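S.K.: Provided herewith is a single structure, encoded as structure tokens, for subsequent inquiry.
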Amino acid sequence: MDLTYEWDWEYAWEILPDLLDGLWITIQATFFGIILAMILGLAFAILRRSEVRAISWPTAWVIEFIRSTPLLVQLFMLFYVLPHYGIRIDAFTTGVLALGIHYATYTSEVYRSGIEGVPRGQWEASTALNLSTMTTWSRVILPQAIPVVIPSLGNYLVAMFKEVPLLAFITVFDVLGEGKAACTRNFQCVEPYTLVGVLFLIVSIPSSILVRQLEVRLARQP
Amino acid sequence: MPDNPEPNHDEPSNSRSAILERSAEPDAPARTASRLAVAAGDELEGSGVRFSGVTKRFGDLTVLDQLDMEVAPGEKMVIIGPSGSGKTTILRVLMTLERPEAGTVEVGGEQLYHEERNGQLVKASEKHVRQVRRKISMVFQHFNLFPHMTALDNVSFGPRKVLGLSKDEANERAARLLEVVGLGDKFGEHPARLSGGQKQRVAIARALAMEPEVMLFDEVTSALDPELVGEVLNVLRDLAENTTMTMLLVTHEMGFAREIGDRVVMFDGGRVVEQGPPTQIFGDPQEQRTRDFLRAVLDRE
Ligand SMILES: Nc1ncnc2c1ncn2[C@@H]1O[C@H](COP(=O)(O)OP(=O)(O)O)[C@@H](O)[C@H]1O
Ligand SMILES: [Mg+2]
């Protein structure tokens, strides 16, 4: 059996533009997805700490629900169910929404640990100074809670990046989707999948290193 | 025990700012020797405080048991007593860090946890609590400075955000207060780079910047290395002797308590065991528990 494989440079070169288009979709989906996850996750974390039960309980419940169902299910729910209620958004936006909402449950957990890491005395000093709830959160608690959780948020960025291919299920073709398309179109699959793997590496390795460096930098701060 | 002093409430509270402005001028009246007192606003009356039937429980543990206690405007009241007797809890209830299960607390004649509605005393709104709380400031055993802010920002933050001062005004006030507590060269330092004594002086400046009528000090020298206690006590002594602020101090520094206290209250099991002028409590305590406690403290020293 001949195990050598003739790598077809011409073919690889031909499909690269499509793959790069796909990669660009992946990057965009990750970018908007993580921003949504960071904002929504923070909102979840804060609402969940509310002293008003009518706020904290439903929040906890929603988080639990989202966390215990697969991202794919949420993707389908948003994509096929929302239009039934007259909400029409394009597939890419739907994908970003699903990613952001799903990952918000993880980031909210990250924020929660950061917030709980702020000593109780900081809340008490804020009360003693008569600071408003808003000022206490925005100027005292979060500036101390967020820097320590940035590396963990970064890890979720990398994790999300690797999950974007799921969006193919709702017709958003990212880099893997494009690779798969090339493969079925031409019955030649080694080049596209190899290239997809390399492209993922090219993006996620530097991101991981960046996150790691951030971690070290933050750890060094007083 | 002072007889039911009427809290003085006629002073317009904005006159304090005028004092702060004036103290910056070189020809400020030399009436007082204390720059700290001037910077803190020495001409204003402190508010009286009254606890009536205050009960505070943690689970099954009753920490304050129907406490009745009154502090006269401007009085320097020292609270002593064994660990776990509820001293911190009294201050925390007054600072609204703990909500009592029963009883009322009055500050400057105003209810702290209640407000009058249709002639009835009902649970106060958050807004009301906030408004009465403006009169009170607290200095903590463990400083609780904001670690992400410089010393100057720690002090100017409250005046800016709560009292509505401009950034310049607030910084000026903070600078003046840090100067008089001896930290004129530490404006830009973060708390992590300050010694315990310096941190506590920043914390005192931060509390003073809010122009409180009542100041609470909870064992503010207990977390300090022995050689740093003096610098903080000096600031407290200055405040006690030269301002009319009402002060409640929990301390184990008996010499200091004797020196600056108008009244010493001996606390045990959430109740007042004995109280009176320092000379009496330290010189001729009437209660066995007071004698035991003082002996134990003095033995340790
Ligand atoms: N948050 C809390 N939860 C449960 N118990 C508490 C809490 N705060 C204080 N206590 C208890 O209340 C009692 C009085 O505490 P505290 O007021 O701190 O005493 P002191 O300051 O005189 O040492 C202690 O037995 C303490 O363990
Ligand atoms: Mg205590």
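Just remember, in the structure tokens the first chain shown is A, the second B, etc., residues are 1-based per chain, and ligands are 1-based in the order shown.
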Give me, as an MDAnalysis selection string, the residues of chain A touching chain B, with the criterion being at most 12 Å (counting only C-alpha atoms).
M.R.: chainID A and resid 118:136 138:147 221:222
S.K.: Residues as selected, N, CA, C and O atoms, written as a compact mmCIF listing (two decimals), in the first residue's frame, can you do that?
M.R.:
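Now in again05.txt:
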```
# COMPACT_ATOMS: atom_id res chain seq x y z
N VAL A 118 -13.13 40.19 45.94
CA VAL A 118 -12.95 41.54 46.50
C VAL A 118 -13.36 41.50 47.97
O VAL A 118 -14.48 41.10 48.29
N PRO A 119 -12.46 41.91 48.86
CA PRO A 119 -12.76 41.78 50.30
C PRO A 119 -14.04 42.54 50.69
O PRO A 119 -14.35 43.58 50.14
N ARG A 120 -14.73 42.00 51.68
CA ARG A 120 -15.96 42.60 52.15
C ARG A 120 -15.73 44.04 52.63
O ARG A 120 -16.60 44.89 52.54
N GLY A 121 -14.53 44.27 53.14
CA GLY A 121 -14.20 45.62 53.62
C GLY A 121 -14.34 46.70 52.55
O GLY A 121 -14.58 47.86 52.87
N GLN A 122 -14.19 46.31 51.30
CA GLN A 122 -14.33 47.28 50.22
C GLN A 122 -15.79 47.73 50.08
O GLN A 122 -16.07 48.90 49.83
N TRP A 123 -16.70 46.77 50.25
CA TRP A 123 -18.12 47.13 50.24
C TRP A 123 -18.45 48.01 51.44
O TRP A 123 -19.21 48.96 51.35
N GLU A 124 -17.85 47.65 52.57
CA GLU A 124 -18.16 48.38 53.79
C GLU A 124 -17.62 49.80 53.75
O GLU A 124 -18.29 50.74 54.17
N ALA A 125 -16.41 49.94 53.21
CA ALA A 125 -15.86 51.29 53.08
C ALA A 125 -16.74 52.11 52.14
O ALA A 125 -16.96 53.30 52.36
N SER A 126 -17.27 51.47 51.11
CA SER A 126 -18.14 52.18 50.17
C SER A 126 -19.43 52.64 50.86
O SER A 126 -19.89 53.75 50.62
N THR A 127 -19.96 51.79 51.71
CA THR A 127 -21.15 52.20 52.47
C THR A 127 -20.80 53.34 53.41
O THR A 127 -21.54 54.32 53.51
N ALA A 128 -19.66 53.21 54.09
CA ALA A 128 -19.27 54.25 55.04
C ALA A 128 -19.07 55.59 54.33
O ALA A 128 -19.29 56.65 54.92
N LEU A 129 -18.66 55.55 53.08
CA LEU A 129 -18.50 56.80 52.32
C LEU A 129 -19.81 57.21 51.65
O LEU A 129 -19.86 58.21 50.95
N ASN A 130 -20.84 56.38 51.86
CA ASN A 130 -22.16 56.71 51.32
C ASN A 130 -22.18 56.69 49.78
O ASN A 130 -22.98 57.40 49.16
N LEU A 131 -21.31 55.90 49.18
CA LEU A 131 -21.30 55.82 47.71
C LEU A 131 -22.59 55.16 47.23
O LEU A 131 -23.14 54.29 47.90
N SER A 132 -23.05 55.56 46.06
CA SER A 132 -24.24 54.92 45.50
C SER A 132 -23.88 53.50 45.06
O SER A 132 -22.71 53.16 44.90
N THR A 133 -24.91 52.68 44.87
CA THR A 133 -24.67 51.30 44.43
C THR A 133 -23.92 51.29 43.11
O THR A 133 -22.97 50.53 42.91
N MET A 134 -24.35 52.19 42.23
CA MET A 134 -23.73 52.29 40.91
C MET A 134 -22.24 52.62 41.02
O MET A 134 -21.40 51.98 40.39
N THR A 135 -21.93 53.63 41.83
CA THR A 135 -20.52 54.04 41.99
C THR A 135 -19.72 52.93 42.66
O THR A 135 -18.57 52.67 42.29
N THR A 136 -20.33 52.26 43.63
CA THR A 136 -19.62 51.18 44.31
C THR A 136 -19.22 50.08 43.32
O THR A 136 -18.07 49.64 43.29
N SER A 138 -19.07 50.35 39.90
CA SER A 138 -18.27 50.76 38.75
C SER A 138 -16.89 51.28 39.15
O SER A 138 -15.94 51.16 38.38
N ARG A 139 -16.76 51.84 40.33
CA ARG A 139 -15.49 52.47 40.67
C ARG A 139 -14.71 51.75 41.76
O ARG A 139 -13.52 52.00 41.93
N VAL A 140 -15.38 50.90 42.51
CA VAL A 140 -14.68 50.22 43.60
C VAL A 140 -14.57 48.71 43.35
O VAL A 140 -13.47 48.17 43.34
N ILE A 141 -15.68 48.06 43.11
CA ILE A 141 -15.66 46.59 43.04
C ILE A 141 -15.12 46.09 41.69
O ILE A 141 -14.15 45.34 41.65
N LEU A 142 -15.73 46.54 40.60
CA LEU A 142 -15.30 46.00 39.30
C LEU A 142 -13.85 46.32 38.94
O LEU A 142 -13.15 45.46 38.41
N PRO A 143 -13.36 47.53 39.23
CA PRO A 143 -11.95 47.77 38.92
C PRO A 143 -11.00 46.82 39.65
O PRO A 143 -9.87 46.63 39.23
N GLN A 144 -11.46 46.23 40.74
CA GLN A 144 -10.62 45.26 41.43
C GLN A 144 -10.93 43.84 40.97
O GLN A 144 -10.06 42.97 40.99
N ALA A 145 -12.17 43.59 40.58
CA ALA A 145 -12.57 42.22 40.22
C ALA A 145 -12.15 41.86 38.80
O ALA A 145 -11.73 40.74 38.54
N ILE A 146 -12.26 42.80 37.88
CA ILE A 146 -12.07 42.47 36.47
C ILE A 146 -10.62 42.14 36.08
O ILE A 146 -10.38 41.15 35.40
N PRO A 147 -9.63 42.94 36.54
CA PRO A 147 -8.26 42.59 36.12
C PRO A 147 -7.87 41.16 36.44
O PRO A 147 -7.23 40.50 35.61
N GLN A 221 1.36 42.85 38.83
CA GLN A 221 0.90 44.12 39.38
C GLN A 221 0.63 44.00 40.88
O GLN A 221 0.33 42.93 41.37
N PRO A 222 0.74 45.14 41.61
CA PRO A 222 0.55 45.09 43.07
C PRO A 222 -0.85 44.62 43.44
O PRO A 222 -1.78 44.96 42.78
```
S.K.: Around ligand 1, out to 7 Å and counting only C-alpha atoms and all ligand atoms, which residues are there? I want them as a list in words.
M.R.: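 Every residue with an atom at most 7 Å from ligand 1 is listed here: Phe58, Val63, Gly81, Pro82, Ser83, Gly84, Ser85, Gly86, Lys87, Thr88, Thr89 and Ile90 of chain B.
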S.K.: Write the residues of the selection above to a file with C-alpha atoms, as a compact mmCIF listing (two decimals), in the first residue's frame.
M.R.:
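File produced: part_7.txt:
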```
# COMPACT_ATOMS: atom_id res chain seq x y z
CA PHE B 58 -26.67 36.56 64.45
CA VAL B 63 -25.12 40.24 70.28
CA GLY B 81 -14.90 45.46 76.89
CA PRO B 82 -13.79 41.91 76.23
CA SER B 83 -13.54 40.48 72.74
CA GLY B 84 -16.88 39.34 71.38
CA SER B 85 -18.88 41.62 73.66
CA GLY B 86 -20.49 43.45 70.75
CA LYS B 87 -18.40 46.64 70.55
CA THR B 88 -17.81 46.38 66.83
CA THR B 89 -21.46 45.50 66.29
CA ILE B 90 -22.59 48.77 67.91
```
S.K.: Using the chain letters and numbers from this document, which residues of region 80-139 of chain B does DSSP assign to strand (DSSP E), as a list in words?
M.R.: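 Selection result, strand (DSSP E) within region 80-139 of chain B: Ile80, Ala102, Gly103, Thr104, Val105, Glu106, Val107, Glu110, Gln111, His114, Glu115, Glu116, Arg117, Gln120, Leu121, Val122, Lys123, Ile136, Ser137, Met138 and Val139 of chain B.
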S.K.: Hey, can you check how far CA of Leu248 (chain B) sits from CA of Asp218 (chain B)?
M.R.: 8.4 Å
S.K.: Check the DSSP output for the backbone and give back, as number ranges by chain, the residues of region 5-105 of chain A in helix (DSSP H, G or I).
M.R.: A: 9-48, 53-67, 71-85, 91-105
S.K.: Using only C-alpha atoms and all ligand atoms, which residue out of B:Leu91, B:Val105, B:Leu183, B:His128 lies closest to ligand 2?
M.R.: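 Nearest to ligand 2: B:Leu91.
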S.K.: May I have the residues within 7 Å of region 100-109 of chain A as a list of chain:residue names, using only C-alpha atoms and disregarding those fewer than 2 positions away in the same chain?
M.R.: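 So the residues in contact are A:Gly33, A:Ile34, A:Leu36, A:Ala37, A:Met38, A:Leu40, A:Gly41, A:Leu42, A:Phe44, A:Ala45, A:Ile63, A:Ile66, A:Arg67, A:Leu71, A:Val96, A:Leu97, A:Ala98, A:Tyr111, A:Arg112, A:Ser113, A:Leu153.
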S.K.: Tell me, in Å to one decimal, how far CA of Ser208 (chain A) is from CA of Phe161 (chain A).
M.R.: 11.2 Å
S.K.: Using only C-alpha atoms, which protein or nucleic acid residues come within 9 Å of region 240-246 of chain B? Drop anything in the same chain fewer than 3 positions from it, and give the result as a tab-separated table (two decimals) with C-alpha atoms, in the first residue's frame.
M.R.:
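Wrote result.tsv, looks like this:
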```tsv
chain	number	residue	atom	x	y	z
B	32	THR	CA	-7.00	77.03	67.24
B	33	ALA	CA	-3.58	75.53	67.41
B	34	SER	CA	-4.61	72.47	65.45
B	36	LEU	CA	-6.00	69.19	61.61
B	37	ALA	CA	-9.02	70.50	63.47
B	38	VAL	CA	-9.27	73.45	61.12
B	40	ALA	CA	-11.63	68.92	59.45
B	41	GLY	CA	-14.05	71.73	60.16
B	42	ASP	CA	-13.68	72.45	63.86
B	43	GLU	CA	-16.48	74.93	64.31
B	44	LEU	CA	-19.38	72.62	63.76
B	45	GLU	CA	-21.38	70.83	66.34
B	46	GLY	CA	-21.29	67.10	66.23
B	47	SER	CA	-24.59	65.24	66.30
B	48	GLY	CA	-25.91	63.28	69.21
B	49	VAL	CA	-26.66	59.61	68.87
B	71	VAL	CA	-24.04	59.92	73.06
B	72	ALA	CA	-24.11	63.69	73.50
B	73	PRO	CA	-23.26	66.01	70.62
B	74	GLY	CA	-19.51	66.47	70.55
B	75	GLU	CA	-18.92	63.81	73.16
B	76	LYS	CA	-15.87	61.55	72.90
B	77	MET	CA	-17.12	58.21	74.04
B	212	PRO	CA	-18.99	63.83	59.36
B	213	GLU	CA	-20.79	64.94	62.49
B	214	VAL	CA	-20.19	61.56	64.08
B	215	MET	CA	-17.01	59.55	63.65
B	216	LEU	CA	-16.60	55.89	64.50
B	235	VAL	CA	-3.99	62.19	64.98
B	236	LEU	CA	-6.91	60.86	67.03
B	237	ARG	CA	-5.85	62.89	70.05
B	260	ILE	CA	-9.19	61.65	75.57
B	261	GLY	CA	-12.46	60.08	76.68
```
S.K.: Would you kindly return, as a PyMOL selection string, each protein, DNA or RNA residue with an atom no farther than 10 Å from any atom of Glu253 (chain B), considering only C-alpha atoms and excluding same-chain residues fewer than 2 positions away?
M.R.: chain B and resi 80+219+221-222+229+233+250-251+255-258+297-298+301
S.K.: Write out, as an mmCIF file, in the first residue's frame, the residues just selected, with N, CA and C atoms.
M.R.:
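Result written to out-v7.cif:
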```cif
data_model
loop_
_atom_site.group_PDB
_atom_site.id
_atom_site.type_symbol
_atom_site.label_atom_id
_atom_site.label_comp_id
_atom_site.auth_asym_id
_atom_site.auth_seq_id
_atom_site.Cartn_x
_atom_site.Cartn_y
_atom_site.Cartn_z
ATOM 1 N N ILE B 80 -15.092 50.143 75.843
ATOM 2 C CA ILE B 80 -14.144 49.071 76.153
ATOM 3 C C ILE B 80 -14.933 47.806 76.497
ATOM 4 N N GLU B 219 -11.163 50.005 66.876
ATOM 5 C CA GLU B 219 -9.823 49.461 67.140
ATOM 6 C C GLU B 219 -8.842 49.812 66.032
ATOM 7 N N THR B 221 -6.007 51.001 65.906
ATOM 8 C CA THR B 221 -4.565 50.758 66.034
ATOM 9 C C THR B 221 -4.251 49.281 66.270
ATOM 10 N N SER B 222 -5.277 48.445 66.315
ATOM 11 C CA SER B 222 -5.048 47.036 66.665
ATOM 12 C C SER B 222 -4.261 46.263 65.619
ATOM 13 N N VAL B 229 1.759 52.708 66.289
ATOM 14 C CA VAL B 229 0.512 53.066 66.978
ATOM 15 C C VAL B 229 0.500 54.552 67.329
ATOM 16 N N LEU B 233 -2.434 57.462 67.005
ATOM 17 C CA LEU B 233 -3.048 58.010 68.220
ATOM 18 C C LEU B 233 -2.884 59.526 68.278
ATOM 19 N N VAL B 250 -13.812 52.517 69.841
ATOM 20 C CA VAL B 250 -13.569 51.228 70.477
ATOM 21 C C VAL B 250 -12.056 51.063 70.507
ATOM 22 N N THR B 251 -11.494 50.852 71.678
ATOM 23 C CA THR B 251 -10.040 50.738 71.743
ATOM 24 C C THR B 251 -9.596 49.870 72.913
ATOM 25 N N GLY B 255 -4.570 53.767 78.211
ATOM 26 C CA GLY B 255 -3.968 55.062 78.535
ATOM 27 C C GLY B 255 -4.572 56.156 77.672
ATOM 28 N N PHE B 256 -4.728 55.836 76.417
ATOM 29 C CA PHE B 256 -5.285 56.777 75.454
ATOM 30 C C PHE B 256 -6.757 57.056 75.784
ATOM 31 N N ALA B 257 -7.482 56.004 76.110
ATOM 32 C CA ALA B 257 -8.900 56.148 76.450
ATOM 33 C C ALA B 257 -9.061 57.106 77.631
ATOM 34 N N ARG B 258 -8.212 56.938 78.598
ATOM 35 C CA ARG B 258 -8.268 57.751 79.811
ATOM 36 C C ARG B 258 -7.996 59.214 79.471
ATOM 37 N N VAL B 297 -6.404 43.275 80.872
ATOM 38 C CA VAL B 297 -5.786 44.104 79.835
ATOM 39 C C VAL B 297 -4.453 44.656 80.314
ATOM 40 N N LEU B 298 -4.433 45.140 81.563
ATOM 41 C CA LEU B 298 -3.204 45.752 82.066
ATOM 42 C C LEU B 298 -2.107 44.718 82.250
ATOM 43 N N GLU B 301 -0.276 44.138 79.066
ATOM 44 C CA GLU B 301 0.575 45.219 78.558
ATOM 45 C C GLU B 301 1.959 45.233 79.192
#
```
S.K.: Measure the distance from CA of Ala159 (chain A) to CA of Ile46 (chain A) in Å and round it to one decimal.
M.R.: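 Answer for the CA of Ala159 (chain A) to CA of Ile46 (chain A) separation: 23.7 Å.
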